[in-house]
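Source file: data_21.csv (CSV, C-alpha atoms)
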chain,number,residue,atom,x,y,z
A,388,MET,CA,-10.9,-48.6,-41.5
A,389,GLU,CA,-10.7,-52.1,-43.0
A,390,VAL,CA,-8.3,-52.3,-45.9
A,391,ASP,CA,-7.5,-54.7,-48.8
A,392,LYS,CA,-3.9,-55.3,-49.2
A,393,GLY,CA,-2.5,-56.1,-52.6
A,394,LYS,CA,-0.3,-59.2,-52.4
A,395,GLY,CA,2.7,-60.3,-54.4
A,396,GLU,CA,5.0,-57.4,-53.7
A,397,ALA,CA,8.7,-58.3,-53.4
A,398,GLU,CA,9.7,-58.8,-49.8
A,399,GLU,CA,12.5,-56.1,-50.0
A,400,THR,CA,10.3,-53.4,-51.5
A,401,ARG,CA,7.8,-54.1,-48.8
A,402,LYS,CA,10.3,-53.7,-46.0
A,403,VAL,CA,11.5,-50.4,-47.4
A,404,ALA,CA,8.0,-49.1,-47.9
A,405,GLU,CA,7.1,-50.3,-44.4
A,406,ALA,CA,9.8,-48.1,-42.8
A,407,ASP,CA,8.5,-45.0,-44.6
A,408,ARG,CA,4.8,-45.5,-44.0
A,409,ASP,CA,3.2,-43.6,-41.2
A,410,THR,CA,0.6,-46.4,-40.5
A,411,VAL,CA,0.8,-50.0,-39.6
A,412,THR,CA,-1.6,-52.8,-40.5
A,413,LEU,CA,-3.0,-55.1,-37.8
A,414,LYS,CA,-4.9,-58.3,-38.4
A,415,SER,CA,-7.7,-59.6,-36.1
A,416,SER,CA,-8.2,-63.2,-35.0
A,417,ASP,CA,-10.9,-63.5,-37.7
A,418,GLY,CA,-8.5,-62.2,-40.4
A,419,LYS,CA,-9.7,-58.7,-40.9
A,420,LEU,CA,-7.1,-55.9,-41.6
A,421,PHE,CA,-7.0,-52.5,-40.0
A,422,GLU,CA,-4.7,-49.6,-40.5
A,423,VAL,CA,-3.6,-47.5,-37.6
A,424,SER,CA,-1.4,-44.4,-37.1
A,425,LYS,CA,2.1,-45.7,-36.3
A,426,GLU,CA,2.9,-42.7,-34.1
A,427,ALA,CA,-0.3,-43.2,-32.0
A,428,ALA,CA,0.0,-46.9,-31.8
A,429,ALA,CA,3.6,-46.6,-30.5
A,430,ARG,CA,2.6,-43.9,-28.0
A,431,LEU,CA,-0.5,-45.7,-26.7
A,432,SER,CA,0.5,-49.3,-26.7
A,433,THR,CA,3.6,-50.6,-25.1
A,434,VAL,CA,3.2,-53.9,-27.0
A,435,LEU,CA,2.8,-52.3,-30.4
A,436,ALA,CA,5.7,-49.8,-29.6
A,437,GLY,CA,7.9,-52.8,-29.0
A,438,MET,CA,6.9,-54.5,-32.2
A,439,ILE,CA,7.4,-51.4,-34.2
A,440,ALA,CA,10.8,-50.8,-32.6
A,441,GLY,CA,11.8,-54.4,-33.1
A,442,GLY,CA,10.8,-54.5,-36.7
A,443,SER,CA,8.3,-57.3,-36.2
A,444,ILE,CA,5.4,-55.4,-38.0
A,445,ASP,CA,4.1,-57.3,-41.0
A,446,ASP,CA,2.9,-55.1,-43.9
A,447,ASN,CA,0.4,-57.8,-44.8
A,448,GLY,CA,-1.1,-57.4,-41.4
A,449,THR,CA,0.5,-58.1,-38.1
A,450,ASP,CA,-1.3,-61.0,-36.5
A,451,LEU,CA,-3.1,-60.3,-33.2
A,452,LYS,CA,-4.7,-63.7,-32.7
A,453,GLN,CA,-6.1,-62.8,-29.3
A,454,ILE,CA,-8.2,-59.9,-30.5
A,455,GLY,CA,-11.5,-60.2,-32.5
A,456,SER,CA,-12.3,-57.8,-35.3
A,457,GLU,CA,-14.9,-55.7,-33.3
A,458,ALA,CA,-12.5,-55.1,-30.5
A,459,LEU,CA,-9.6,-54.4,-32.8
A,460,GLU,CA,-11.7,-51.9,-34.8
A,461,ASN,CA,-12.4,-50.1,-31.5
A,462,VAL,CA,-8.7,-50.1,-30.5
A,463,VAL,CA,-7.7,-48.7,-33.9
A,464,ASP,CA,-10.5,-46.2,-33.8
A,465,TYR,CA,-9.3,-45.1,-30.4
A,466,CYS,CA,-5.7,-44.7,-31.5
A,467,ASN,CA,-6.6,-42.8,-34.6
A,468,LYS,CA,-8.9,-40.5,-32.7
A,469,HIS,CA,-6.1,-39.9,-30.2
A,470,ALA,CA,-3.7,-39.1,-33.0
A,471,ASN,CA,-6.0,-36.3,-34.2
A,472,SER,CA,-7.1,-35.0,-30.8
A,473,ILE,CA,-5.2,-32.1,-29.2
A,474,PRO,CA,-4.9,-32.6,-25.5
A,475,SER,CA,-7.1,-30.1,-23.7
A,476,ALA,CA,-5.5,-27.3,-21.6
A,477,ALA,CA,-6.9,-29.0,-18.5
A,478,LEU,CA,-5.1,-32.3,-19.3
A,479,ILE,CA,-1.8,-30.5,-19.9
A,480,SER,CA,-2.0,-28.4,-16.7
A,481,SER,CA,-3.1,-31.4,-14.6
A,482,SER,CA,-0.2,-33.5,-15.9
A,483,ILE,CA,2.1,-30.8,-14.7
A,484,SER,CA,0.8,-29.9,-11.3
A,485,PHE,CA,-1.0,-33.1,-10.3
A,486,ASN,CA,0.8,-35.9,-12.0
A,487,THR,CA,1.1,-38.0,-9.0
A,488,ALA,CA,-2.7,-38.0,-8.7
A,489,PRO,CA,-3.9,-41.6,-8.7
A,490,PHE,CA,-6.1,-41.4,-11.8
A,491,LYS,CA,-6.3,-39.5,-15.0
A,492,GLU,CA,-9.9,-38.5,-15.7
A,493,PRO,CA,-11.1,-39.5,-19.2
A,494,GLU,CA,-11.6,-36.6,-21.6
A,495,GLU,CA,-15.1,-35.9,-22.9
A,496,TRP,CA,-14.6,-37.7,-26.2
A,497,GLU,CA,-13.1,-40.7,-24.4
A,498,ARG,CA,-16.2,-41.0,-22.3
A,499,LYS,CA,-18.4,-40.9,-25.3
A,500,PHE,CA,-16.2,-43.4,-27.0
A,501,VAL,CA,-16.8,-46.0,-24.3
A,502,ASP,CA,-20.4,-45.0,-23.6
A,503,ARG,CA,-21.6,-46.2,-27.0
A,504,LEU,CA,-20.2,-49.7,-26.5
A,505,SER,CA,-22.4,-52.7,-25.6
A,506,HIS,CA,-21.6,-54.7,-22.5
A,507,ASP,CA,-19.7,-57.4,-24.4
A,508,ALA,CA,-17.9,-54.9,-26.6
A,509,LEU,CA,-16.7,-53.0,-23.5
A,510,PHE,CA,-15.2,-56.1,-22.0
A,511,ASP,CA,-13.7,-57.2,-25.3
A,512,LEU,CA,-12.0,-53.7,-25.4
A,513,VAL,CA,-10.7,-54.0,-21.9
A,514,GLU,CA,-9.2,-57.3,-22.6
A,515,ALA,CA,-7.6,-56.1,-25.9
A,516,ALA,CA,-6.3,-53.0,-24.2
A,517,ASN,CA,-4.8,-55.2,-21.5
A,518,PHE,CA,-3.2,-57.5,-24.0
A,519,LEU,CA,-1.7,-54.6,-26.0
A,520,GLY,CA,-0.4,-52.8,-22.9
A,521,MET,CA,-2.5,-49.7,-23.5
A,522,GLU,CA,-2.5,-47.9,-20.1
A,523,ARG,CA,-4.5,-44.9,-21.1
A,524,LEU,CA,-7.3,-47.0,-22.7
A,525,LEU,CA,-7.3,-49.2,-19.6
A,526,ASP,CA,-7.8,-46.0,-17.5
A,527,VAL,CA,-10.8,-45.0,-19.6
A,528,THR,CA,-12.4,-48.5,-19.7
A,529,CYS,CA,-11.8,-49.2,-16.0
A,530,HIS,CA,-13.3,-45.8,-15.2
A,531,LYS,CA,-16.4,-46.7,-17.2
A,532,ILE,CA,-16.8,-50.1,-15.4
A,533,SER,CA,-16.5,-48.4,-12.0
A,534,GLU,CA,-19.1,-45.9,-13.1
A,535,MET,CA,-21.4,-48.9,-13.8
A,536,MET,CA,-20.9,-50.1,-10.2
A,537,LYS,CA,-21.2,-46.8,-8.3
A,538,GLY,CA,-24.1,-46.3,-5.9
A,539,LYS,CA,-25.5,-49.8,-6.5
A,540,SER,CA,-26.3,-52.5,-4.0
A,541,PRO,CA,-24.4,-55.8,-4.3
A,542,ASP,CA,-27.6,-57.4,-5.7
A,543,GLN,CA,-27.9,-54.8,-8.4
A,544,ILE,CA,-24.2,-55.2,-9.3
A,545,ARG,CA,-24.5,-59.0,-9.5
A,546,GLU,CA,-27.4,-58.5,-11.9
A,547,VAL,CA,-25.6,-56.0,-14.1
A,548,PHE,CA,-22.5,-58.2,-14.4
A,549,ASN,CA,-24.0,-61.7,-14.0
A,550,ILE,CA,-21.8,-62.3,-10.9
A,551,LYS,CA,-22.6,-65.5,-9.2
A,552,ASN,CA,-22.7,-65.3,-5.4
A,553,ASP,CA,-20.6,-68.3,-4.3
A,554,TYR,CA,-20.7,-67.6,-0.5
A,555,THR,CA,-22.7,-69.8,1.8
A,556,LYS,CA,-25.4,-68.0,3.8
A,557,GLU,CA,-23.3,-68.1,6.9
A,558,GLU,CA,-20.1,-66.8,5.2
A,559,LEU,CA,-22.1,-63.9,3.6
A,560,GLU,CA,-23.6,-63.0,7.0
A,561,GLU,CA,-20.2,-63.0,8.6
A,562,ILE,CA,-18.7,-60.7,6.0
A,563,ARG,CA,-21.6,-58.3,6.1
A,564,GLN,CA,-21.3,-58.0,9.8
A,565,GLU,CA,-17.6,-57.4,9.6
A,566,LEU,CA,-18.2,-54.6,7.1
A,567,ALA,CA,-21.5,-53.5,8.5
A,568,TRP,CA,-20.4,-49.8,8.5
A,569,ALA,CA,-20.3,-49.7,4.7
A,570,PHE,CA,-24.0,-50.8,4.5
A,571,TYR,CA,-25.6,-47.8,6.3
A,572,ASP,CA,-25.2,-44.0,6.1
A,573,ASP,CA,-23.2,-42.5,9.0
B,679,MET,CA,-30.7,-14.3,21.4
B,680,ALA,CA,-27.7,-16.5,22.3
B,681,ASN,CA,-29.4,-19.4,20.6
B,682,GLN,CA,-30.2,-17.4,17.5
B,683,ASN,CA,-26.6,-16.4,17.1
B,684,GLN,CA,-25.3,-19.9,17.5
B,685,GLU,CA,-27.7,-21.0,14.7
B,686,THR,CA,-26.1,-18.6,12.3
B,687,PHE,CA,-22.5,-19.9,12.9
B,688,VAL,CA,-21.2,-22.7,10.8
B,689,HIS,CA,-17.5,-22.4,11.5
B,690,ILE,CA,-17.2,-20.6,14.8
B,691,ASP,CA,-18.0,-22.7,17.8
B,692,ALA,CA,-19.9,-21.2,20.7
B,693,ARG,CA,-16.9,-20.9,23.0
B,694,THR,CA,-14.8,-19.0,20.4
B,695,ALA,CA,-17.8,-16.8,19.7
B,696,ALA,CA,-18.3,-16.0,23.4
B,697,ASP,CA,-14.6,-15.4,23.8
B,698,MET,CA,-14.6,-12.9,20.9
B,699,ARG,CA,-17.5,-11.0,22.3
B,700,ARG,CA,-15.7,-10.7,25.6
B,701,ARG,CA,-12.8,-9.2,23.8
B,702,GLY,CA,-15.0,-6.7,22.0
B,703,MET,CA,-14.8,-8.5,18.6
B,704,ASP,CA,-17.7,-9.4,16.3
B,705,PRO,CA,-17.8,-13.1,15.8
B,706,HIS,CA,-19.9,-12.7,12.6
B,707,GLN,CA,-17.0,-11.0,10.9
B,708,MET,CA,-14.7,-13.8,11.9
B,709,GLU,CA,-17.3,-16.3,10.7
B,710,GLN,CA,-17.4,-14.5,7.3
B,711,ALA,CA,-13.6,-14.5,7.1
B,712,THR,CA,-13.4,-18.2,8.0
B,713,ARG,CA,-16.1,-18.9,5.3
B,714,ILE,CA,-14.0,-17.2,2.7
B,715,LEU,CA,-10.8,-18.9,3.9
B,716,LEU,CA,-12.4,-22.3,3.7
B,717,TYR,CA,-14.0,-21.6,0.3
B,718,ASN,CA,-10.6,-20.6,-1.1
B,719,LEU,CA,-8.9,-23.6,0.6
B,720,TYR,CA,-11.4,-26.2,-0.7
B,721,THR,CA,-11.4,-24.8,-4.3
B,722,SER,CA,-7.6,-24.8,-4.4
B,723,LEU,CA,-7.2,-28.4,-3.1
B,724,PRO,CA,-6.6,-31.2,-5.6
B,725,ALA,CA,-10.0,-32.7,-6.6
B,726,PRO,CA,-11.0,-35.9,-4.8
B,727,PRO,CA,-9.4,-38.8,-6.6
B,728,VAL,CA,-12.8,-40.4,-7.3
B,729,SER,CA,-16.2,-38.8,-7.7
B,730,ALA,CA,-19.1,-40.0,-5.6
B,731,ALA,CA,-21.6,-39.1,-8.3
B,732,ALA,CA,-23.2,-42.1,-10.0
B,733,CYS,CA,-23.1,-42.5,-13.7
B,734,LEU,CA,-25.8,-40.6,-15.6
B,735,SER,CA,-25.3,-42.1,-19.0
B,736,ALA,CA,-27.2,-45.1,-20.1
B,737,LEU,CA,-25.6,-48.4,-18.9
B,738,PRO,CA,-25.0,-51.2,-21.4
B,739,SER,CA,-27.2,-54.1,-20.5
B,740,ALA,CA,-25.7,-57.3,-19.2
B,741,SER,CA,-23.8,-59.7,-21.4
B,742,SER,CA,-26.0,-61.1,-24.1
B,743,ASN,CA,-25.2,-64.8,-23.2
B,744,GLY,CA,-25.4,-64.4,-19.4
B,745,GLU,CA,-21.6,-64.6,-19.0
B,746,ASP,CA,-19.8,-63.0,-16.0
B,747,ARG,CA,-17.3,-61.0,-18.0
B,748,ILE,CA,-16.1,-58.8,-15.2
B,749,SER,CA,-15.0,-61.5,-12.7
B,750,SER,CA,-12.8,-63.2,-15.4
B,751,LEU,CA,-10.8,-60.0,-15.9
B,752,PRO,CA,-7.2,-60.2,-14.5
B,753,PHE,CA,-6.9,-59.5,-10.8
B,754,ALA,CA,-4.9,-56.3,-11.4
B,755,LEU,CA,-7.6,-54.8,-13.5
B,756,LEU,CA,-10.3,-55.6,-10.9
B,757,ARG,CA,-8.1,-53.8,-8.3
B,758,GLU,CA,-8.0,-50.8,-10.6
B,759,ILE,CA,-11.8,-50.8,-10.9
B,760,VAL,CA,-12.4,-51.1,-7.2
B,761,SER,CA,-9.9,-48.4,-6.4
B,762,ARG,CA,-11.9,-46.0,-8.5
B,763,LEU,CA,-15.0,-46.4,-6.3
B,764,PRO,CA,-16.0,-44.2,-3.4
B,765,VAL,CA,-14.9,-46.1,-0.3
B,766,LYS,CA,-18.3,-47.5,0.8
B,767,ASP,CA,-19.1,-48.7,-2.7
B,768,ALA,CA,-15.6,-50.3,-2.8
B,769,VAL,CA,-16.0,-52.1,0.5
B,770,ARG,CA,-19.4,-53.4,-0.5
B,771,THR,CA,-17.9,-55.2,-3.5
B,772,ALA,CA,-16.4,-57.6,-1.0
B,773,VAL,CA,-19.8,-59.4,-0.6
B,774,LEU,CA,-20.3,-60.0,-4.3
B,775,SER,CA,-18.4,-63.3,-4.3
B,776,ARG,CA,-15.3,-64.9,-2.9
B,777,ARG,CA,-13.1,-63.6,-5.7
B,778,TRP,CA,-14.3,-60.0,-5.0
B,779,HIS,CA,-13.5,-60.3,-1.3
B,780,LEU,CA,-9.9,-60.8,-2.2
B,781,VAL,CA,-10.0,-58.0,-4.8
B,782,TRP,CA,-11.2,-55.5,-2.1
B,783,LEU,CA,-8.5,-56.6,0.3
B,784,CYS,CA,-5.8,-56.2,-2.4
B,785,SER,CA,-7.0,-52.9,-3.9
B,786,PRO,CA,-4.9,-49.9,-2.9
B,787,LEU,CA,-7.1,-47.6,-0.8
B,788,VAL,CA,-8.4,-44.4,-2.4
B,789,PHE,CA,-10.4,-42.6,0.1
B,790,THR,CA,-12.0,-39.2,0.6
B,791,ASP,CA,-13.7,-38.5,3.9
B,792,ALA,CA,-16.0,-36.0,2.2
B,793,HIS,CA,-17.8,-39.1,0.7
B,794,LEU,CA,-18.9,-40.0,4.2
B,795,ILE,CA,-20.8,-36.7,4.5
B,796,PRO,CA,-23.4,-36.6,1.8
B,797,GLY,CA,-23.4,-33.3,-0.1
B,798,PHE,CA,-20.1,-32.1,1.4
B,799,ILE,CA,-18.4,-31.4,-1.9
B,800,GLU,CA,-21.4,-29.7,-3.5
B,801,ARG,CA,-21.9,-27.5,-0.4
B,802,ARG,CA,-18.3,-26.5,-0.5
B,803,GLY,CA,-17.7,-27.2,3.1
B,804,ARG,CA,-20.8,-25.4,4.4
B,805,THR,CA,-21.6,-28.2,6.7
B,806,THR,CA,-21.8,-27.8,10.4
B,807,ARG,CA,-20.1,-29.6,13.2
B,808,VAL,CA,-23.3,-31.6,13.7
B,809,ASP,CA,-22.9,-33.1,10.2
B,810,THR,CA,-19.4,-34.4,11.2
B,811,LEU,CA,-20.2,-35.9,14.6
B,812,GLY,CA,-19.7,-39.5,13.4
B,813,LEU,CA,-16.9,-38.7,11.0
B,814,VAL,CA,-13.9,-39.4,13.1
B,815,ALA,CA,-15.2,-42.8,14.1
B,816,ALA,CA,-16.1,-43.6,10.4
B,817,VAL,CA,-12.6,-42.6,9.2
B,818,LYS,CA,-11.1,-44.7,11.9
B,819,ARG,CA,-13.1,-47.7,10.7
B,820,VAL,CA,-12.0,-47.3,7.1
B,821,LEU,CA,-8.3,-46.9,7.9
B,822,ALA,CA,-8.5,-49.9,10.2
B,823,ALA,CA,-10.5,-52.1,7.8
B,824,HIS,CA,-8.2,-51.7,4.9
B,825,PRO,CA,-4.9,-53.6,5.1
B,826,GLY,CA,-3.1,-51.2,2.8
B,827,PRO,CA,-1.4,-49.9,0.7
B,828,PHE,CA,-3.0,-46.5,0.9
B,829,ARG,CA,-2.7,-44.9,-2.5
B,830,SER,CA,-4.6,-41.7,-1.9
B,831,VAL,CA,-6.3,-40.4,1.3
B,832,HIS,CA,-8.0,-37.1,1.5
B,833,LEU,CA,-9.1,-36.1,5.0
B,834,VAL,CA,-10.5,-32.6,4.7
B,835,CYS,CA,-13.8,-32.5,6.7
B,836,GLY,CA,-12.7,-33.1,10.3
B,837,TYR,CA,-12.7,-30.7,13.2
B,838,MET,CA,-9.5,-32.2,14.6
B,839,ASP,CA,-9.1,-29.9,17.7
B,840,ALA,CA,-11.1,-32.3,19.9
B,841,HIS,CA,-9.4,-35.4,18.3
B,842,GLN,CA,-5.7,-34.8,18.5
B,843,ARG,CA,-4.8,-38.2,20.0
B,844,GLN,CA,-6.9,-39.9,17.3
B,845,LEU,CA,-5.1,-37.7,14.7
B,846,ALA,CA,-1.7,-38.9,16.0
B,847,ARG,CA,-2.9,-42.6,15.6
B,848,TRP,CA,-4.1,-41.8,12.0
B,849,VAL,CA,-0.7,-40.5,11.1
B,850,GLN,CA,0.8,-43.7,12.5
B,851,THR,CA,-1.6,-45.9,10.5
B,852,LEU,CA,-1.0,-43.8,7.3
B,853,ALA,CA,2.7,-44.3,7.8
B,854,ASP,CA,2.4,-48.1,8.5
B,855,LYS,CA,0.2,-48.6,5.4
B,856,GLY,CA,2.4,-46.8,3.0
B,857,ILE,CA,0.5,-43.6,2.2
B,858,THR,CA,1.7,-42.0,-1.1
B,859,ASP,CA,-0.8,-39.2,-1.7
B,860,LEU,CA,-2.3,-37.3,1.3
B,861,VAL,CA,-4.5,-34.2,1.7
B,862,LEU,CA,-5.0,-33.3,5.4
B,863,VAL,CA,-7.1,-30.4,6.4
B,864,ASN,CA,-8.2,-29.3,9.8
B,865,ARG,CA,-11.5,-27.3,9.9
B,866,PRO,CA,-11.4,-24.2,12.1
B,867,TRP,CA,-11.9,-23.1,14.7
B,868,PRO,CA,-9.3,-23.0,16.3
B,869,LEU,CA,-6.7,-22.3,13.6
B,870,ASP,CA,-3.7,-23.5,15.5
B,871,VAL,CA,-4.2,-27.3,16.0
B,872,PRO,CA,-0.6,-28.7,15.9
B,873,LEU,CA,0.2,-30.9,13.0
B,874,PRO,CA,1.7,-34.2,14.2
B,875,ALA,CA,5.4,-33.8,13.4
B,876,ALA,CA,5.7,-37.6,12.6
B,877,LEU,CA,3.7,-36.9,9.4
B,878,LEU,CA,6.7,-35.1,7.9
B,879,GLY,CA,8.8,-38.2,8.4
B,880,VAL,CA,6.6,-40.5,6.4
B,881,SER,CA,8.9,-41.7,3.7
B,882,THR,CA,6.3,-43.1,1.3
B,883,LEU,CA,4.7,-39.7,0.7
B,884,THR,CA,5.1,-38.3,-2.8
B,885,ARG,CA,2.4,-35.7,-2.6
B,886,LEU,CA,1.2,-33.8,0.5
B,887,TYR,CA,-1.3,-31.0,0.8
B,888,LEU,CA,-1.9,-29.5,4.3
B,889,GLY,CA,-4.2,-26.8,5.8
B,890,ILE,CA,-5.1,-25.4,8.4
B,891,TRP,CA,-2.4,-26.4,11.0
B,892,LYS,CA,0.1,-25.1,13.4
B,893,PHE,CA,3.3,-26.3,11.8
B,894,PRO,CA,6.0,-28.2,13.8
B,895,ASP,CA,9.2,-26.2,14.2
B,896,THR,CA,11.4,-28.1,11.8
B,897,LEU,CA,10.7,-29.0,8.3
B,898,SER,CA,13.0,-31.3,6.2
B,899,HIS,CA,11.6,-33.8,3.8
B,900,PRO,CA,13.5,-33.9,0.6
B,901,GLU,CA,11.4,-36.7,-1.0
B,902,ILE,CA,8.3,-34.6,-1.3
B,903,TRP,CA,8.3,-32.7,-4.5
B,904,ASP,CA,4.7,-31.6,-4.7
B,905,PHE,CA,4.0,-29.8,-1.5
B,906,GLY,CA,0.9,-27.6,-1.1
B,907,MET,CA,-0.3,-25.5,1.7
Could you show the structure in this file as structure tokens?
Amino acid sequence: MEVDKGKGEAEETRKVAEADRDTVTLKSSDGKLFEVSKEAAARLSTVLAGMIAGGSIDDNGTDLKQIGSEALENVVDYCNKHANSIPSAALISSSISFNTAPFKEPEEWERKFVDRLSHDALFDLVEAANFLGMERLLDVTCHKISEMMKGKSPDQIREVFNIKNDYTKEELEEIRQELAWAFYDD
Amino acid sequence: MANQNQETFVHIDARTAADMRRRGMDPHQMEQATRILLYNLYTSLPAPPVSAAACLSALPSASSNGEDRISSLPFALLREIVSRLPVKDAVRTAVLSRRWHLVWLCSPLVFTDAHLIPGFIERRGRTTRVDTLGLVAAVKRVLAAHPGPFRSVHLVCGYMDAHQRQLARWVQTLADKGITDLVLVNRPWPLDVPLPAALLGVSTLTRLYLGIWKFPDTLSHPEIWDFGM
């Protein structure tokens, strides 16, 4: 998805061309360029939608200094896959009858999309999705992280995520007693 | 003989069965009818907001440089993650570290009582009263332990006939803690346990599914626009 952009075009020509194009170019913190469907970017990211509407998209690559190339590649990949995917019947019907339901379940391809990511790539993607205001991608990534925590003991969770236990022994004992009912089966 | 018959009943309690026999009715037929009724009810309810099943796909191994990536996520995202866990898993995150204790306290409650009865969903409600003995007390603990708001609460496993006063207190707690999405089912028998009328005055509700209750006489709640029975 990385593209080389010819330089030296006149500013005006570029502006006109930009308005007609159906993709936008994004630039990662390490200077790599990615092209993404304009329609999907505007639909999936409130930040990109604002930039497109406000005309602050740069044809030479809109700078996204907070996002590394690996995470940006995943964001762009996700948007482009979304642009091509037809929402399943289940998703349409659920959005009609159950649209106050608290969470939208990820679709099969979205599960696969996050399942292949390494631990660090997953968290880079969550942070990028958060920065770009991508609600749907946050749903999918938060769902994945919660899946990683389900059915595990606190010790196992600390190990998977490198969480440091900063309680004193006494504090921990107190909290465990307070929430004792959650630590055994009824 | 009497013992044998009781063994075969899942839905009809001994008193109802004896009463039916006295009136010349076959309690087995009523048991079968109730089974079909509940099957249809449980399959037409909205799915529980979170699934209790653990992840089967391979988990990515921990961060390569030993960093705690998850705890440095913004608080709002941690709340989203905790809200997606079955309630016991969610509560247990409070002991991870001090930050996580705050996260649990600030995460909107998403709670399905079926998760407190292992295998309930898979068995489509074919659990007996014995399986639900500790349920009312367990639900009470969850509703009391969480400070609110309650985003989504599904109470679908309880035999509420014997717990009507507790039920009235639940409705009060649900109202106090700003419930928005509620599924409330009473398991028969009997079929005519009165629904606390106060429930229909809870102004924070945006979605309400009810079954199997004796309805209060008046119904007026213009705010609810997705109402299932």
Please identify every residue of chain A that has at least one atom no more than 8 Å from any atom of chain B, counting all atoms listed in the file, and report them as a ChimeraX atom specification. /A:484-485,487-490,502,504-507,510,514,529-530,532-542,544-554,559,562-563,566,568-570,572-573
Could you check how far atom CA of Asp446 of chain A sits from atom CA of Gly418 of chain A, in Å to one decimal? 13.9 Å
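The gap separating atom CA of Val781 of chain B from atom CA of Gly455 of chain A is 27.8 Å, in Å to one decimal.
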For Ala822 of chain B, work out the shell of residues within 12 Å, counting all atoms listed in the file and skipping chain neighbours fewer than 6 positions away, then give it as a count of residues only. 14
For Thr882 of chain B, the nearest of the candidates B:Asn864, B:Met838, B:Leu723, B:Pro827, counting all atoms listed in the file: B:Pro827
For atom CA of Trp782 of chain B and atom CA of Ser881 of chain B, the interatomic separation in Å (one decimal): 25.1 Å
Using all atoms listed in the file, find all polymer residues with an atom at most 6 Å away from the point (-10.2, -45.2, -19.0); report them as a list in words. Pro493, Leu524, Leu525, Asp526, Val527, Thr528, Cys529 and His530 of chain A
Could those selected residues go to a file with C-alpha atoms, as a PDB file, in the coordinates of the input?
ATOM      1  CA  PRO A 493     -11.100 -39.500 -19.200  1.00  0.00           C
ATOM      2  CA  LEU A 524      -7.300 -47.000 -22.700  1.00  0.00           C
ATOM      3  CA  LEU A 525      -7.300 -49.200 -19.600  1.00  0.00           C
ATOM      4  CA  ASP A 526      -7.800 -46.000 -17.500  1.00  0.00           C
ATOM      5  CA  VAL A 527     -10.800 -45.000 -19.600  1.00  0.00           C
ATOM      6  CA  THR A 528     -12.400 -48.500 -19.700  1.00  0.00           C
ATOM      7  CA  CYS A 529     -11.800 -49.200 -16.000  1.00  0.00           C
ATOM      8  CA  HIS A 530     -13.300 -45.800 -15.200  1.00  0.00           C
TER       9      HIS A 530
END
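Nearest-residue note for Lys468 of chain A: choosing from A:Asp445, A:Glu497, A:Asp417, A:Glu492, the minimum distance belongs to A:Glu497, counting all atoms listed in the file.
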From the set A:Ala567, A:Leu519, A:Val411, A:Leu509, which residue has the shortest atom-to-atom contact distance to Gly448 of chain A, counting only C-alpha atoms? A:Val411
Min atom-atom distance to Asn461 of chain A from the set A:Lys491, A:Arg430, A:Arg503, A:Lys425, counting only C-alpha atoms, belongs to A:Arg503
Take segment 549-556 of chain A from the block and save it with N, CA, C and O atoms, as an mmCIF file, in the first residue's frame.
data_model
loop_
_atom_site.group_PDB
_atom_site.id
_atom_site.type_symbol
_atom_site.label_atom_id
_atom_site.label_comp_id
_atom_site.auth_asym_id
_atom_site.auth_seq_id
_atom_site.Cartn_x
_atom_site.Cartn_y
_atom_site.Cartn_z
ATOM 1 N N ASN A 549 2.197 -7.995 31.427
ATOM 2 C CA ASN A 549 3.292 -7.359 32.188
ATOM 3 C C ASN A 549 2.784 -6.307 33.178
ATOM 4 O O ASN A 549 3.410 -5.258 33.345
ATOM 5 N N ILE A 550 1.652 -6.571 33.808
ATOM 6 C CA ILE A 550 1.109 -5.598 34.758
ATOM 7 C C ILE A 550 1.796 -5.778 36.107
ATOM 8 O O ILE A 550 1.899 -6.900 36.620
ATOM 9 N N LYS A 551 2.295 -4.653 36.634
ATOM 10 C CA LYS A 551 2.999 -4.716 37.919
ATOM 11 C C LYS A 551 1.989 -4.544 39.052
ATOM 12 O O LYS A 551 1.202 -3.604 39.050
ATOM 13 N N ASN A 552 2.020 -5.466 39.991
ATOM 14 C CA ASN A 552 1.133 -5.384 41.156
ATOM 15 C C ASN A 552 1.711 -4.377 42.145
ATOM 16 O O ASN A 552 2.731 -4.637 42.782
ATOM 17 N N ASP A 553 1.061 -3.205 42.283
ATOM 18 C CA ASP A 553 1.613 -2.173 43.168
ATOM 19 C C ASP A 553 0.854 -2.076 44.491
ATOM 20 O O ASP A 553 0.967 -1.084 45.210
ATOM 21 N N TYR A 554 0.083 -3.096 44.811
ATOM 22 C CA TYR A 554 -0.577 -3.143 46.117
ATOM 23 C C TYR A 554 0.411 -3.634 47.179
ATOM 24 O O TYR A 554 1.303 -4.429 46.882
ATOM 25 N N THR A 555 0.200 -3.198 48.405
ATOM 26 C CA THR A 555 0.884 -3.867 49.513
ATOM 27 C C THR A 555 0.127 -5.163 49.787
ATOM 28 O O THR A 555 -1.021 -5.329 49.358
ATOM 29 N N LYS A 556 0.796 -6.062 50.503
ATOM 30 C CA LYS A 556 0.181 -7.347 50.823
ATOM 31 C C LYS A 556 -1.151 -7.141 51.551
ATOM 32 O O LYS A 556 -2.144 -7.815 51.256
#
